[in-house]
Amino acid sequence: MSHVPRLTRRGVLAGGIAAFAAPALAQTAWPAARPIEVIVGFAPGGGTDVMVRALTQLLVAELPGANFVVVNRPGAGGETAYVALQGARPDGYTIGTINTPGYVSLGVERRVRYDRARIRLIARLVDDPSAFVVHRDAPWRTLADLVEAAKRRPGTISVGSSGVGTDDHLGLTLFQAASGTEFIHAPFAGSGPVRNAVLARHIDIAGLNLGEIGMLNQDNPVLRPLAGMGERRWELMPEVPTFREEGFDVVMTSERGLGAPRGVPDEIATRMQDAIARVIAKPEWAEKVRQLELPMAFLPGAAWEAAMPAQEARYRRIWEATPWQ
């Protein structure tokens, strides 16, 4: 009979350990166990980087215990970051920015080291029209002025982009084909360096998104867009014409959002997506949108993923007609 008390004591001891461990496990459940790393595929200061830093400041209130650390991993048009994202543990503690067209178009132009099947999209936040942006002292006032100058001096006017295969670069490729012009393509590691280069007059034209210019609420902005590549004019910059309005059938935008390694638990992916949706519904985010000039276009991750095959088909058609490398 002496074995019964021993079993009882063990049961009591096990129960005590379980009771002690349960609160500890609860306290360290996602997202509180450790910081969530957010991998950004471009240099600091660009539209993607600025968007993510603003978003994570408000996300912490929607995900109690969360702590975000932004890590910039620029290189190869975003490929470096996508490789890091797909290889991370799918435990919810690593997410990363997703930028189209590069996320899709890089695989059209060459073999890439990441597989979109290994990345799960969480949410799209922004759909930002690409644009040609110049210093306010530049001689061109319209796309027609630029085309005339480019035809007089082919291959001498430089256009900066965020990298080969990005929306800025594809927009330039389409414009050259539509206008019969030739420019010097100058790829950078992100839109921040592109913006700095045109400010310093190191390049003639910056391929930037309208939301990256930083010209709203300024009396005499240093930069001015010649035209935007959206389907229609952006309501926050109604004075900026589209390329189509200027006579060139060029449409290109940059979508920005977040993804995670494909194996991330559904519960975590859904919590993250829903938290983002709550943030962008807040008045504080509406104010951030005005300050940061973000063309918002929220999509849940599944809907965004469903749109990718059509995007890929479009980029393949562009590649076949006008290879951009």
# chains A, B, ... in the order shown; residues from 1 in each chain; ligands from 1
>>> select_by_dssp(residues="range 17-125 of chain A", states="alpha helix (DSSP H)", output="PyMOL selection string")
chain A and resi 17-27+47-62+79-87+102-109
>>> residues_around(residues="Ala303 in chain A", least_positions_apart="3", cutoff="10 Å", atoms="only C-alpha atoms", output="PyMOL selection string")
chain A and resi 121-124+299-300+306-308
>>> residues_around(residues="range 33-48 of chain A", least_positions_apart="4", cutoff="6 Å", atoms="only C-alpha atoms", output="list in words")
Thr28, Ala29, Asn67, Phe68, Val69, Val70, Val71, Asn72, Arg73, Pro74, Gly78, Ala81, Tyr93, Thr94, Ile95, Gly96, Thr97, Ala189, Gly190, Ser191, Gly192 and Glu212 of chain A
>>> select_by_dssp(residues="range 56-226 of chain A", states="strand (DSSP E or B)", output="PyMOL selection string")
chain A and resi 68-72+94-100+119-135+158-161+184-187+205-209+223-226
>>> atom_distance(atom1="CA of Lys282 in chain A", atom2="CA of Asn99 in chain A")
23.9 Å
